[in-house]
file final-v7.cif (mmCIF, C-alpha atoms and all ligand atoms)
data_model
loop_
_atom_site.label_atom_id
_atom_site.label_comp_id
_atom_site.auth_asym_id
_atom_site.auth_seq_id
_atom_site.Cartn_x
_atom_site.Cartn_y
_atom_site.Cartn_z
CA MET A 1 -5.07 -32.33 18.32
CA PRO A 2 -4.31 -29.45 15.97
CA VAL A 3 -4.07 -25.95 17.38
CA PHE A 4 -5.45 -24.08 14.37
CA LYS A 5 -9.17 -23.96 13.79
CA HIS A 6 -8.92 -21.45 10.91
CA GLU A 7 -5.30 -20.80 10.11
CA GLU A 8 -6.28 -18.80 6.99
CA LYS A 9 -7.83 -16.20 9.25
CA LEU A 10 -4.32 -15.12 10.21
CA SER A 11 -3.16 -14.70 6.62
CA PRO A 12 -2.25 -11.17 5.51
CA GLU A 13 -5.07 -11.00 2.94
CA TYR A 14 -7.84 -11.99 5.32
CA VAL A 15 -10.15 -9.14 6.31
CA PRO A 16 -11.68 -9.67 9.75
CA GLU A 17 -15.40 -9.07 10.22
CA LYS A 18 -14.79 -6.26 12.66
CA LEU A 19 -11.93 -3.95 13.46
CA PRO A 20 -11.84 -3.00 17.11
CA TYR A 21 -10.62 0.57 17.77
CA ARG A 22 -11.43 1.62 14.22
CA GLU A 23 -15.18 2.11 14.69
CA THR A 24 -14.98 5.90 14.66
CA GLU A 25 -12.92 5.91 11.48
CA MET A 26 -15.38 3.53 9.86
CA LYS A 27 -18.23 5.91 10.66
CA LEU A 28 -16.18 8.78 9.32
CA LEU A 29 -15.65 6.95 6.04
CA PHE A 30 -19.39 6.41 5.72
CA SER A 31 -20.12 10.03 6.39
CA PHE A 32 -17.50 11.26 3.91
CA PHE A 33 -18.91 8.97 1.23
CA SER A 34 -22.56 9.55 2.10
CA SER A 35 -23.25 11.44 -1.12
CA ILE A 36 -22.48 8.31 -3.14
CA LEU A 37 -24.90 6.32 -1.06
CA SER A 38 -27.83 8.67 -0.83
CA ASP A 39 -27.70 11.51 -3.39
CA GLU A 40 -29.49 11.36 -6.71
CA ARG A 41 -26.55 13.21 -8.20
CA PRO A 42 -23.51 12.26 -6.16
CA PHE A 43 -20.54 14.59 -6.06
CA HIS A 44 -16.94 13.55 -6.36
CA VAL A 45 -15.53 12.45 -3.02
CA ARG A 46 -11.86 12.08 -2.29
CA VAL A 47 -10.69 10.77 1.06
CA TYR A 48 -7.14 10.43 2.27
CA LEU A 49 -6.47 7.59 4.71
CA SER A 50 -3.07 7.59 6.37
CA GLY A 51 -1.24 5.80 9.15
CA ALA A 52 2.01 4.02 9.97
CA VAL A 53 2.75 0.39 9.12
CA GLY A 54 0.20 -2.08 10.45
CA THR A 55 -2.32 0.44 11.75
CA GLY A 56 -5.10 -1.27 9.79
CA LYS A 57 -5.37 1.02 6.76
CA THR A 58 -5.81 -1.72 4.17
CA SER A 59 -8.17 -3.74 6.34
CA LEU A 60 -10.27 -0.71 7.17
CA ALA A 61 -10.49 0.29 3.51
CA LYS A 62 -11.52 -3.20 2.43
CA LEU A 63 -14.03 -3.68 5.22
CA PHE A 64 -15.52 -0.29 4.42
CA GLY A 65 -15.74 -1.31 0.76
CA GLN A 66 -17.64 -4.50 1.60
CA SER A 67 -19.96 -2.62 3.94
CA ILE A 68 -20.82 0.21 1.59
CA GLU A 69 -21.51 -2.19 -1.29
CA GLN A 70 -23.88 -4.04 1.01
CA GLU A 71 -25.50 -0.88 2.29
CA ALA A 72 -26.01 0.34 -1.29
CA ARG A 73 -28.20 -2.65 -2.05
CA LYS A 74 -30.58 -1.46 0.65
CA TYR A 75 -30.80 1.87 -1.13
CA GLY A 76 -31.28 0.11 -4.44
CA ARG A 77 -28.03 1.53 -5.74
CA LYS A 78 -25.10 -0.09 -7.45
CA ILE A 79 -21.83 0.81 -5.76
CA ARG A 80 -18.62 -0.94 -6.68
CA PHE A 81 -15.57 -0.67 -4.46
CA LEU A 82 -12.29 -1.63 -6.13
CA HIS A 83 -9.11 -2.01 -4.13
CA ILE A 84 -5.89 -1.66 -6.08
CA ASN A 85 -2.41 -1.86 -4.65
CA CYS A 86 -0.15 0.65 -6.35
CA ARG A 87 2.98 -1.15 -5.29
CA ILE A 88 1.83 -3.85 -7.71
CA HIS A 89 0.11 -1.58 -10.25
CA LYS A 90 2.46 1.37 -10.43
CA SER A 91 1.14 3.28 -13.41
CA LEU A 92 -2.20 4.84 -14.20
CA TYR A 93 -2.30 2.67 -17.29
CA THR A 94 -2.05 -0.65 -15.43
CA ILE A 95 -4.45 0.64 -12.78
CA LEU A 96 -7.04 1.50 -15.41
CA ARG A 97 -6.55 -1.86 -17.12
CA LYS A 98 -7.17 -3.51 -13.77
CA VAL A 99 -10.29 -1.42 -13.18
CA ALA A 100 -11.67 -2.36 -16.60
CA GLU A 101 -10.91 -6.01 -15.94
CA GLN A 102 -12.67 -5.93 -12.57
CA LEU A 103 -15.71 -4.26 -14.08
CA GLN A 104 -15.62 -6.87 -16.85
CA ILE A 105 -15.30 -4.26 -19.55
CA ASP A 106 -13.92 -5.70 -22.74
CA LEU A 107 -10.86 -3.70 -23.71
CA PRO A 108 -9.25 -4.54 -27.00
CA ARG A 109 -5.53 -5.05 -26.56
CA ARG A 110 -4.36 -2.32 -28.86
CA GLY A 111 -2.95 0.82 -27.37
CA TYR A 112 -5.47 3.07 -25.76
CA SER A 113 -4.30 6.17 -23.96
CA ASP A 114 -5.07 6.62 -20.27
CA GLU A 115 -7.70 9.22 -21.10
CA GLU A 116 -9.39 6.90 -23.56
CA ILE A 117 -9.63 4.01 -21.12
CA LEU A 118 -10.89 6.40 -18.50
CA GLU A 119 -13.58 7.56 -20.90
CA ILE A 120 -14.59 3.96 -21.62
CA VAL A 121 -14.82 3.26 -17.90
CA ALA A 122 -16.87 6.43 -17.34
CA LYS A 123 -19.23 5.44 -20.12
CA PHE A 124 -19.65 2.01 -18.60
CA LEU A 125 -20.47 3.54 -15.21
CA ARG A 126 -23.03 5.88 -16.73
CA SER A 127 -24.83 3.32 -18.83
CA ASN A 128 -24.93 0.77 -16.01
CA GLY A 129 -25.77 3.22 -13.25
CA VAL A 130 -22.72 2.13 -11.28
CA ARG A 131 -20.98 4.36 -8.77
CA LEU A 132 -17.33 3.47 -8.40
CA ILE A 133 -15.17 3.99 -5.35
CA LEU A 134 -11.61 3.42 -6.43
CA CYS A 135 -9.27 2.68 -3.55
CA LEU A 136 -5.63 3.25 -4.40
CA ASP A 137 -3.61 1.62 -1.65
CA GLU A 138 0.07 2.48 -1.10
CA VAL A 139 -0.54 5.33 -3.51
CA GLU A 140 3.00 6.66 -2.79
CA ALA A 141 4.24 4.09 -5.27
CA LEU A 142 2.11 5.61 -8.02
CA ILE A 143 3.15 9.16 -7.13
CA ALA A 144 6.82 8.16 -7.05
CA GLU A 145 6.44 6.71 -10.50
CA GLU A 146 4.17 9.25 -12.21
CA GLY A 147 3.74 12.26 -9.93
CA GLY A 148 0.38 13.79 -9.02
CA GLY A 149 -1.02 13.74 -12.56
CA PRO A 150 -2.94 10.46 -12.33
CA VAL A 151 -4.76 11.50 -9.15
CA TYR A 152 -5.68 14.78 -10.78
CA LEU A 153 -7.00 13.01 -13.86
CA LEU A 154 -9.04 10.55 -11.80
CA THR A 155 -10.47 13.36 -9.74
CA ARG A 156 -11.87 15.16 -12.73
CA SER A 157 -13.14 12.18 -14.63
CA GLY A 158 -16.58 10.69 -14.42
CA GLU A 159 -18.13 14.15 -14.04
CA ASP A 160 -21.41 14.31 -15.82
CA ILE A 161 -24.02 17.04 -15.69
CA GLU A 162 -26.91 14.66 -15.45
CA ASP A 163 -25.52 11.82 -13.38
CA GLY A 164 -23.16 13.67 -11.07
CA SER A 165 -19.76 12.18 -10.39
CA LEU A 166 -19.62 8.42 -10.69
CA LEU A 167 -16.00 7.97 -9.70
CA SER A 168 -14.73 8.68 -6.21
CA LEU A 169 -11.37 8.04 -4.63
CA LEU A 170 -10.05 6.60 -1.41
CA LEU A 171 -6.29 7.20 -1.29
CA VAL A 172 -4.31 5.19 1.23
CA PHE A 173 -0.75 6.00 2.20
CA ARG A 174 1.79 5.72 5.00
CA GLU A 175 3.94 8.78 5.08
CA LEU A 176 2.63 12.00 6.42
CA ASP A 177 4.66 14.18 4.12
CA PHE A 178 2.93 12.49 1.21
CA LEU A 179 0.26 15.16 0.88
CA GLU A 180 2.86 17.86 0.57
CA ARG A 181 4.40 16.04 -2.32
CA LEU A 182 1.16 15.97 -4.28
CA ASP A 183 0.45 18.86 -6.62
CA SER A 184 -1.20 21.73 -4.84
CA GLN A 185 -3.65 21.73 -7.74
CA THR A 186 -4.62 18.14 -7.07
CA ILE A 187 -5.21 18.60 -3.41
CA SER A 188 -6.96 21.93 -3.54
CA GLY A 189 -10.36 21.66 -2.00
CA MET A 190 -9.59 18.40 -0.28
CA GLY A 191 -10.50 20.11 2.95
CA SER A 192 -11.00 17.86 5.88
CA ASN A 193 -11.43 14.54 4.10
CA ASN A 194 -8.47 13.18 5.99
CA ILE A 195 -8.47 10.19 8.25
CA HIS A 196 -5.36 9.36 10.18
CA LEU A 197 -5.02 6.06 12.01
CA ASN A 198 -3.02 6.31 15.20
CA GLU A 199 -0.76 3.51 16.22
CA TYR A 200 -2.24 0.88 18.48
CA THR A 201 -1.25 0.90 22.12
CA ARG A 202 -0.09 -2.23 23.87
CA ASP A 203 -3.52 -2.78 25.38
CA GLN A 204 -5.24 -2.33 22.07
CA LEU A 205 -2.87 -4.79 20.43
CA LEU A 206 -3.65 -7.23 23.23
CA GLU A 207 -7.39 -6.98 22.59
CA ILE A 208 -6.87 -7.33 18.86
CA LEU A 209 -4.71 -10.41 19.37
CA ARG A 210 -7.27 -11.96 21.73
CA TYR A 211 -9.96 -11.45 19.12
CA ARG A 212 -7.89 -12.78 16.24
CA ALA A 213 -6.64 -15.74 18.29
CA SER A 214 -10.19 -16.71 19.23
CA GLU A 215 -11.06 -16.87 15.54
CA ALA A 216 -7.99 -18.77 14.41
CA PHE A 217 -7.19 -21.19 17.24
CA TYR A 218 -9.20 -23.88 18.98
CA LYS A 219 -10.33 -23.00 22.45
CA ASN A 220 -7.73 -23.49 25.18
CA THR A 221 -4.86 -24.13 22.80
CA ILE A 222 -3.26 -20.74 23.41
CA SER A 223 -3.21 -19.16 26.84
CA ASP A 224 -3.83 -15.52 27.57
CA GLU A 225 -0.32 -15.38 29.00
CA VAL A 226 1.20 -16.25 25.64
CA ILE A 227 -1.03 -13.73 23.90
CA GLU A 228 0.06 -11.09 26.41
CA PHE A 229 3.66 -11.91 25.72
CA ILE A 230 3.16 -11.43 22.00
CA ALA A 231 1.32 -8.15 22.58
CA GLU A 232 4.16 -6.96 24.77
CA VAL A 233 6.79 -7.78 22.19
CA ALA A 234 4.76 -6.40 19.30
CA SER A 235 3.99 -3.17 21.09
CA GLU A 236 7.60 -2.12 20.54
CA ARG A 237 6.66 -1.72 16.93
CA LYS A 238 3.02 -0.78 17.47
CA ASP A 239 2.34 -2.82 14.37
CA ALA A 240 -0.71 -5.11 14.20
CA ARG A 241 0.64 -6.94 11.18
CA TYR A 242 3.74 -7.91 13.09
CA ALA A 243 1.65 -8.97 16.10
CA ILE A 244 -0.57 -11.19 13.98
CA ASP A 245 2.40 -12.61 12.13
CA LEU A 246 3.96 -13.57 15.47
CA LEU A 247 0.71 -15.16 16.56
CA TRP A 248 0.57 -17.22 13.42
CA ARG A 249 4.24 -18.22 13.60
CA SER A 250 3.84 -19.28 17.23
CA GLY A 251 1.05 -21.58 16.11
CA LYS A 252 3.24 -22.95 13.33
CA TYR A 253 6.01 -23.82 15.80
CA ALA A 254 3.51 -25.59 18.03
CA GLU A 255 2.14 -27.45 15.02
CA ALA A 256 5.60 -28.44 13.80
CA GLU A 257 6.39 -29.93 17.19
CA GLY A 258 3.09 -31.77 17.30
CA SER A 259 2.18 -29.86 20.45
CA ASP A 260 -1.49 -29.40 21.23
CA VAL A 261 -0.92 -26.07 22.96
CA VAL A 262 1.00 -22.97 21.96
CA THR A 263 3.57 -22.18 24.63
CA ALA A 264 5.68 -19.13 25.44
CA GLU A 265 8.66 -20.99 24.04
CA HIS A 266 6.89 -21.35 20.70
CA ALA A 267 6.29 -17.61 20.78
CA ARG A 268 9.97 -16.99 21.52
CA LYS A 269 10.97 -19.19 18.61
CA ALA A 270 8.58 -17.25 16.41
CA LEU A 271 10.16 -14.06 17.65
CA ALA A 272 13.69 -15.27 17.01
CA SER A 273 12.71 -16.27 13.49
CA VAL A 274 11.74 -12.74 12.55
CA TYR A 275 14.76 -10.95 14.04
CA PRO A 276 17.63 -12.46 12.11
CA THR A 277 19.75 -9.32 11.98
CA ILE A 278 19.43 -7.80 15.41
CA ARG A 279 21.78 -10.26 17.09
CA ARG A 280 24.17 -8.39 19.32
CA GLU A 281 27.18 -10.32 18.11
CA ASN A 282 26.49 -9.11 14.56
CA LEU A 283 26.56 -5.53 15.70
CA SER A 284 29.84 -5.93 17.51
CA TYR A 285 31.59 -6.84 14.24
CA LEU A 286 30.86 -3.43 12.82
CA SER A 287 33.45 -0.66 12.79
CA LYS A 288 32.78 2.45 14.80
CA ASP A 289 31.99 4.44 11.70
CA GLU A 290 29.57 1.80 10.44
CA LYS A 291 27.84 1.83 13.80
CA MET A 292 27.53 5.60 13.71
CA VAL A 293 26.03 5.57 10.23
CA LEU A 294 23.61 2.81 11.23
CA LEU A 295 22.70 4.71 14.38
CA ALA A 296 21.94 7.79 12.28
CA ALA A 297 19.64 5.72 10.05
CA ALA A 298 17.94 4.13 13.06
CA ARG A 299 17.35 7.53 14.64
CA GLY A 300 15.94 8.91 11.45
CA LEU A 301 13.55 5.99 11.19
CA SER A 302 12.57 5.68 14.83
CA THR A 303 9.83 8.26 14.35
CA ASN A 304 7.99 5.61 12.41
CA ARG A 305 8.92 6.56 8.96
CA THR A 306 9.26 3.69 6.57
CA MET A 307 12.15 5.21 4.72
CA ILE A 308 14.54 8.12 4.89
CA THR A 309 16.73 9.74 2.27
CA ALA A 310 20.49 9.23 2.29
CA VAL A 311 20.93 13.00 2.49
CA ASP A 312 18.90 13.15 5.71
CA VAL A 313 20.84 10.26 7.20
CA PHE A 314 24.05 12.08 6.38
CA GLN A 315 22.88 15.09 8.42
CA LEU A 316 21.99 12.83 11.33
CA TYR A 317 25.32 11.05 10.99
CA LYS A 318 27.17 14.35 11.40
CA MET A 319 25.21 14.96 14.59
CA VAL A 320 26.11 11.51 15.90
CA CYS A 321 29.78 12.20 15.17
CA GLU A 322 29.55 15.46 17.04
CA GLU A 323 27.97 13.74 20.01
CA LEU A 324 30.73 11.15 20.04
CA LYS A 325 33.45 13.71 19.40
CA SER A 326 34.47 11.82 16.33
CA ASP A 327 35.41 13.28 12.96
CA ALA A 328 32.69 12.90 10.36
CA LYS A 329 33.73 11.37 7.04
CA GLY A 330 32.83 13.02 3.74
CA TYR A 331 29.75 12.12 1.75
CA THR A 332 31.56 9.70 -0.58
CA THR A 333 32.92 7.64 2.29
CA PHE A 334 29.54 7.84 4.00
CA TRP A 335 27.90 6.48 0.87
CA GLU A 336 30.38 3.61 0.70
CA THR A 337 29.59 2.80 4.32
CA LEU A 338 25.90 2.69 3.48
CA GLN A 339 26.62 0.20 0.74
CA GLN A 340 28.73 -1.84 3.08
CA LEU A 341 25.86 -1.89 5.58
CA GLN A 342 23.55 -3.02 2.82
CA ASP A 343 25.89 -5.87 1.90
CA LEU A 344 25.86 -6.93 5.51
CA GLY A 345 22.07 -6.96 5.50
CA PHE A 346 21.49 -4.19 8.03
CA ILE A 347 19.85 -1.73 5.72
CA ARG A 348 18.34 -1.67 2.28
CA LEU A 349 18.98 1.07 -0.26
CA SER A 350 16.50 1.96 -2.91
CA VAL A 351 16.78 4.56 -5.62
CA VAL A 352 13.45 6.12 -6.48
CA SER A 353 12.87 8.35 -9.44
CA GLU A 354 10.97 11.47 -8.47
CA GLY A 355 9.85 12.52 -11.90
CA ALA A 356 11.32 15.81 -13.04
CA LYS A 357 13.08 16.31 -9.71
CA GLY A 358 15.54 13.53 -10.46
CA ARG A 359 16.36 10.51 -8.32
CA LYS A 360 16.64 10.04 -4.59
CA SER A 361 18.21 7.29 -2.53
CA TYR A 362 16.10 5.96 0.29
CA ILE A 363 17.12 3.81 3.20
CA TYR A 364 14.97 1.13 4.79
CA LEU A 365 15.48 -1.17 7.73
CA PRO A 366 14.38 -4.62 6.64
CA GLY A 367 12.46 -6.01 9.56
CA ILE A 368 14.46 -4.43 12.37
CA PRO A 369 12.57 -2.13 14.71
CA ALA A 370 14.47 1.15 14.57
CA GLN A 371 14.15 1.90 18.26
CA LEU A 372 15.52 -1.45 19.26
CA LEU A 373 18.41 -1.08 16.87
CA GLU A 374 19.10 2.39 18.23
CA GLN A 375 19.22 1.09 21.80
CA GLU A 376 21.55 -1.75 20.89
CA LEU A 377 23.88 0.53 18.96
CA MET A 378 24.09 3.05 21.77
CA LYS A 379 24.99 0.27 24.18
CA SER A 380 27.52 -1.17 21.80
CA LEU A 381 29.13 2.19 21.02
CA SER A 382 29.54 3.17 24.64
CA ARG A 383 30.77 -0.29 25.59
CA ASN A 384 33.39 -0.76 22.90
CA HIS A 385 34.45 2.75 22.18
CA GLY A 386 34.50 4.23 25.63
CA HIS A 387 31.83 6.81 25.06
CA ALA A 388 28.88 7.61 27.20
CA PHE A 389 25.82 9.08 25.58
CA SER A 390 24.37 11.93 27.49
N1 LIG A 401 -8.38 -3.23 14.64
C1 LIG A 401 -7.96 -4.41 14.18
N2 LIG A 401 -8.57 -5.54 14.58
C2 LIG A 401 -8.18 -6.74 14.12
N3 LIG A 401 -7.17 -6.92 13.26
C3 LIG A 401 -6.51 -5.83 12.83
C4 LIG A 401 -6.87 -4.53 13.27
N4 LIG A 401 -6.04 -3.65 12.68
C5 LIG A 401 -5.20 -4.35 11.91
N5 LIG A 401 -5.48 -5.66 11.99
C6 LIG A 401 -4.76 -6.73 11.30
O1 LIG A 401 -3.39 -6.37 11.27
C7 LIG A 401 -2.77 -6.68 10.02
C8 LIG A 401 -2.23 -5.43 9.40
O2 LIG A 401 -3.30 -4.56 9.03
P1 LIG A 401 -3.32 -3.79 7.64
O3 LIG A 401 -2.70 -4.62 6.59
O4 LIG A 401 -4.69 -3.31 7.43
O5 LIG A 401 -2.34 -2.58 8.00
P2 LIG A 401 -1.83 -1.41 7.07
O6 LIG A 401 -2.02 -0.17 7.85
O7 LIG A 401 -2.47 -1.49 5.73
O8 LIG A 401 -0.28 -1.72 6.97
P3 LIG A 401 0.75 -1.32 5.79
O9 LIG A 401 1.11 0.12 6.01
O10 LIG A 401 1.93 -2.19 6.02
O11 LIG A 401 0.09 -1.57 4.48
C9 LIG A 401 -3.86 -7.36 9.20
O12 LIG A 401 -3.71 -8.75 9.35
C10 LIG A 401 -5.15 -6.88 9.85
O13 LIG A 401 -6.18 -7.84 9.70
MG MG A 402 -1.71 -1.78 3.82
#

call {"tool": "encode", "arguments": {"input": "final-v7.cif", "output": "structure tokens"}}
result
Amino acid sequence: MPVFKHEEKLSPEYVPEKLPYRETEMKLLFSFFSSILSDERPFHVRVYLSGAVGTGKTSLAKLFGQSIEQEARKYGRKIRFLHINCRIHKSLYTILRKVAEQLQIDLPRRGYSDEEILEIVAKFLRSNGVRLILCLDEVEALIAEEGGGPVYLLTRSGEDIEDGSLLSLLLVFRELDFLERLDSQTISGMGSNNIHLNEYTRDQLLEILRYRASEAFYKNTISDEVIEFIAEVASERKDARYAIDLLWRSGKYAEAEGSDVVTAEHARKALASVYPTIRRENLSYLSKDEKMVLLAAARGLSTNRTMITAVDVFQLYKMVCEELKSDAKGYTTFWETLQQLQDLGFIRLSVVSEGAKGRKSYIYLPGIPAQLLEQELMKSLSRNHGHAFS
């Protein structure tokens, strides 16, 4: 007997019918966008939706989009919600092309400027009485590429004396310092249209997993004990995506073994399959200096940031050296160590162009929870190098 009833309901793209613990935020979205739904002349609305990895930003945005389109029909209005991921569509130009495509506007291939396409889209909205909510997900990627200009342009477009504003924005992002990096001009007047999603607690993750498991698995094929185990493990990261991924993988291991129940051992195998680099023995091969640099990166990222600049890690590294009464190496050596750590698969380096401000190097941890890595490194450093952390 197979364990999965609807495996596809655990896929990353699937949007569940409800999102427990996000009801308040859903209501808030409706109230922020109420002008679009009920006013004869809607005004431009811009909402910022933020939260760490796997807090449900994308799902909430998409579910809201479906709901408001549905609600609009009751009001006899045409609302279109378009979700665009800026990590895939990184420029205003490709975003606008995508918008036109989704609205089935025929754009000749030849080179239109951004403003021209925007004007064509605005015209389409006006003549068809369509109100557009454009959701730019992972909008950091667009800002990193083109600065705050595109958001500014989108904010001002679609204004029309008679029809009001037909284009509104829902901007979704992870990092909290994102708003500061936007032009002050762009964000002026944004007021309180901010929604921040807090990380899920262990108990919330447990409830979410129970709900998602009941949709995806046949009854009695996965015990509550196994679900609790996954919630426990996933709560280290407070990341619902990770939790659901583990749930799905556990099912896959059960399926591969032809088992008709998902056991704790399947869950452990799932877990082992997503932690390839945290093995203790791997850490013990590192030199002391490599460990200290890695520790600095882990500390910098343990506050739930997705990435941190090399310059910031260098500052943290100097603090680690001080703590361990060890001499800090210069920046060049530090940089070489970072590259070494990248070659070994512990970190990932990425150089991002920041428009006129030049380029910055960012550091990521590919799939290793920073806090766990930090703990392991502290243990390893005090074990092998005779230091005790205070
Ligand atoms: N409250 C919830 N109830 C049920 N499932 C949820 C809930 N929140 C998140 N999920 C699920 O967790 C996974 C991650 O959610 P989502 O992709 O929306 O997070 P995100 O905040 O956009 O993450 P990222 O920052 O990585 O883009 C999805 O599979 C989603 O369906
Ligand atoms: Mg997302």

call {"tool": "atom_distance", "arguments": {"input": "final-v7.cif", "atom1": "atom CA of Leu10 of chain A", "atom2": "atom CA of Ile244 of chain A"}}
result
6.6 Å

call {"tool": "atom_distance", "arguments": {"input": "final-v7.cif", "atom1": "atom CA of His83 of chain A", "atom2": "atom CA of Ser350 of chain A"}}
result
25.9 Å

call {"tool": "closest_residue", "arguments": {"input": "final-v7.cif", "among": "A:Asp289, A:Phe334, A:Ala234, A:Leu153", "to": "Tyr93 of chain A", "atoms": "only C-alpha atoms"}}
result
A:Leu153

call {"tool": "closest_residue", "arguments": {"input": "final-v7.cif", "among": "A:Asp260, A:Phe124, A:Ser214, A:Val3", "to": "Leu107 of chain A", "atoms": "all atoms listed in the file"}}
result
A:Phe124

call {"tool": "closest_residue", "arguments": {"input": "final-v7.cif", "among": "A:Leu166, A:Ala310, A:Ala61, A:Val130", "to": "Gly76 of chain A", "atoms": "all atoms listed in the file"}}
result
A:Val130

call {"tool": "residues_near_ligand", "arguments": {"input": "final-v7.cif", "ligand": "ligand MG 402 (chain A)", "cutoff": "9 Å", "atoms": "only C-alpha atoms and all ligand atoms", "output": "list in words"}}
result
Val53, Gly54, Thr55, Gly56, Lys57, Thr58, Ser59, Asn85, Asp137, Glu138, Val172, Phe173 and Arg174 of chain A

call {"tool": "closest_atom_pairs", "arguments": {"input": "final-v7.cif", "of": "chain A", "to": "ligand LIG 401 (chain A)", "cutoff": "9 Å", "atoms": "all atoms listed in the file", "output": "CSV"}}
result
residue,atom,partner,partner_atom,distance
A:Lys9,CA,A:LIG401,O12,8.5
A:Leu10,CA,A:LIG401,O12,6.5
A:Ser11,CA,A:LIG401,O12,6.6
A:Pro12,CA,A:LIG401,O12,4.8
A:Glu13,CA,A:LIG401,O12,6.9
A:Tyr14,CA,A:LIG401,O13,6.3
A:Val15,CA,A:LIG401,O13,5.4
A:Pro16,CA,A:LIG401,O13,5.8
A:Glu17,CA,A:LIG401,C2,8.5
A:Lys18,CA,A:LIG401,N2,6.5
A:Leu19,CA,A:LIG401,N1,3.8
A:Pro20,CA,A:LIG401,N1,4.3
A:Tyr21,CA,A:LIG401,N1,5.4
A:Arg22,CA,A:LIG401,N1,5.7
A:Glu23,CA,A:LIG401,N1,8.6
A:Ser50,CA,A:LIG401,O6,8.0
A:Gly51,CA,A:LIG401,O6,6.2
A:Ala52,CA,A:LIG401,O9,5.6
A:Val53,CA,A:LIG401,O9,3.5
A:Gly54,CA,A:LIG401,O8,3.5
A:Thr55,CA,A:LIG401,O6,4.0
A:Gly56,CA,A:LIG401,O4,3.1
A:Lys57,CA,A:LIG401,O6,3.7
A:Thr58,CA,A:LIG401,O7,3.7
A:Ser59,CA,A:LIG401,O4,3.7
A:Leu60,CA,A:LIG401,O4,6.2
A:Ala61,CA,A:LIG401,O4,7.9
A:Lys62,CA,A:LIG401,O4,8.5
A:Asp137,CA,A:LIG401,O11,7.8
A:Glu138,CA,A:LIG401,O11,6.9
A:Val172,CA,A:LIG401,O7,8.3
A:Phe173,CA,A:LIG401,O9,7.2
A:Arg174,CA,A:LIG401,O9,5.7
A:Leu197,CA,A:LIG401,O6,8.1
A:Tyr200,CA,A:LIG401,N4,8.3
A:Gln204,CA,A:LIG401,N1,8.1
A:Leu205,CA,A:LIG401,C1,8.1
A:Glu207,CA,A:LIG401,N2,8.2
A:Ile208,CA,A:LIG401,N2,4.9
A:Leu209,CA,A:LIG401,C2,7.3
A:Tyr211,CA,A:LIG401,C2,7.1
A:Arg212,CA,A:LIG401,C2,6.4
A:Asp239,CA,A:LIG401,C8,7.2
A:Ala240,CA,A:LIG401,O1,4.2
A:Arg241,CA,A:LIG401,C7,3.6
A:Tyr242,CA,A:LIG401,C7,7.3
A:Ala243,CA,A:LIG401,O1,7.4
A:Ile244,CA,A:LIG401,O12,6.1
A:Asp245,CA,A:LIG401,O12,7.7
A:Thr306,CA,A:LIG401,O9,8.9

call {"tool": "write_last_selection", "arguments": {"input": "final-v7.cif", "atoms": "C-alpha atoms", "output": "CSV table (one decimal), keeping the file's coordinate frame"}}
result
chain,number,residue,atom,x,y,z
A,9,LYS,CA,-7.8,-16.2,9.2
A,10,LEU,CA,-4.3,-15.1,10.2
A,11,SER,CA,-3.2,-14.7,6.6
A,12,PRO,CA,-2.2,-11.2,5.5
A,13,GLU,CA,-5.1,-11.0,2.9
A,14,TYR,CA,-7.8,-12.0,5.3
A,15,VAL,CA,-10.2,-9.1,6.3
A,16,PRO,CA,-11.7,-9.7,9.8
A,17,GLU,CA,-15.4,-9.1,10.2
A,18,LYS,CA,-14.8,-6.3,12.7
A,19,LEU,CA,-11.9,-4.0,13.5
A,20,PRO,CA,-11.8,-3.0,17.1
A,21,TYR,CA,-10.6,0.6,17.8
A,22,ARG,CA,-11.4,1.6,14.2
A,23,GLU,CA,-15.2,2.1,14.7
A,50,SER,CA,-3.1,7.6,6.4
A,51,GLY,CA,-1.2,5.8,9.2
A,52,ALA,CA,2.0,4.0,10.0
A,53,VAL,CA,2.8,0.4,9.1
A,54,GLY,CA,0.2,-2.1,10.4
A,55,THR,CA,-2.3,0.4,11.8
A,56,GLY,CA,-5.1,-1.3,9.8
A,57,LYS,CA,-5.4,1.0,6.8
A,58,THR,CA,-5.8,-1.7,4.2
A,59,SER,CA,-8.2,-3.7,6.3
A,60,LEU,CA,-10.3,-0.7,7.2
A,61,ALA,CA,-10.5,0.3,3.5
A,62,LYS,CA,-11.5,-3.2,2.4
A,137,ASP,CA,-3.6,1.6,-1.6
A,138,GLU,CA,0.1,2.5,-1.1
A,172,VAL,CA,-4.3,5.2,1.2
A,173,PHE,CA,-0.8,6.0,2.2
A,174,ARG,CA,1.8,5.7,5.0
A,197,LEU,CA,-5.0,6.1,12.0
A,200,TYR,CA,-2.2,0.9,18.5
A,204,GLN,CA,-5.2,-2.3,22.1
A,205,LEU,CA,-2.9,-4.8,20.4
A,207,GLU,CA,-7.4,-7.0,22.6
A,208,ILE,CA,-6.9,-7.3,18.9
A,209,LEU,CA,-4.7,-10.4,19.4
A,211,TYR,CA,-10.0,-11.4,19.1
A,212,ARG,CA,-7.9,-12.8,16.2
A,239,ASP,CA,2.3,-2.8,14.4
A,240,ALA,CA,-0.7,-5.1,14.2
A,241,ARG,CA,0.6,-6.9,11.2
A,242,TYR,CA,3.7,-7.9,13.1
A,243,ALA,CA,1.6,-9.0,16.1
A,244,ILE,CA,-0.6,-11.2,14.0
A,245,ASP,CA,2.4,-12.6,12.1
A,306,THR,CA,9.3,3.7,6.6

call {"tool": "atom_distance", "arguments": {"input": "final-v7.cif", "atom1": "atom CA of Ala267 of chain A", "atom2": "atom CA of Arg202 of chain A"}}
result
16.9 Å
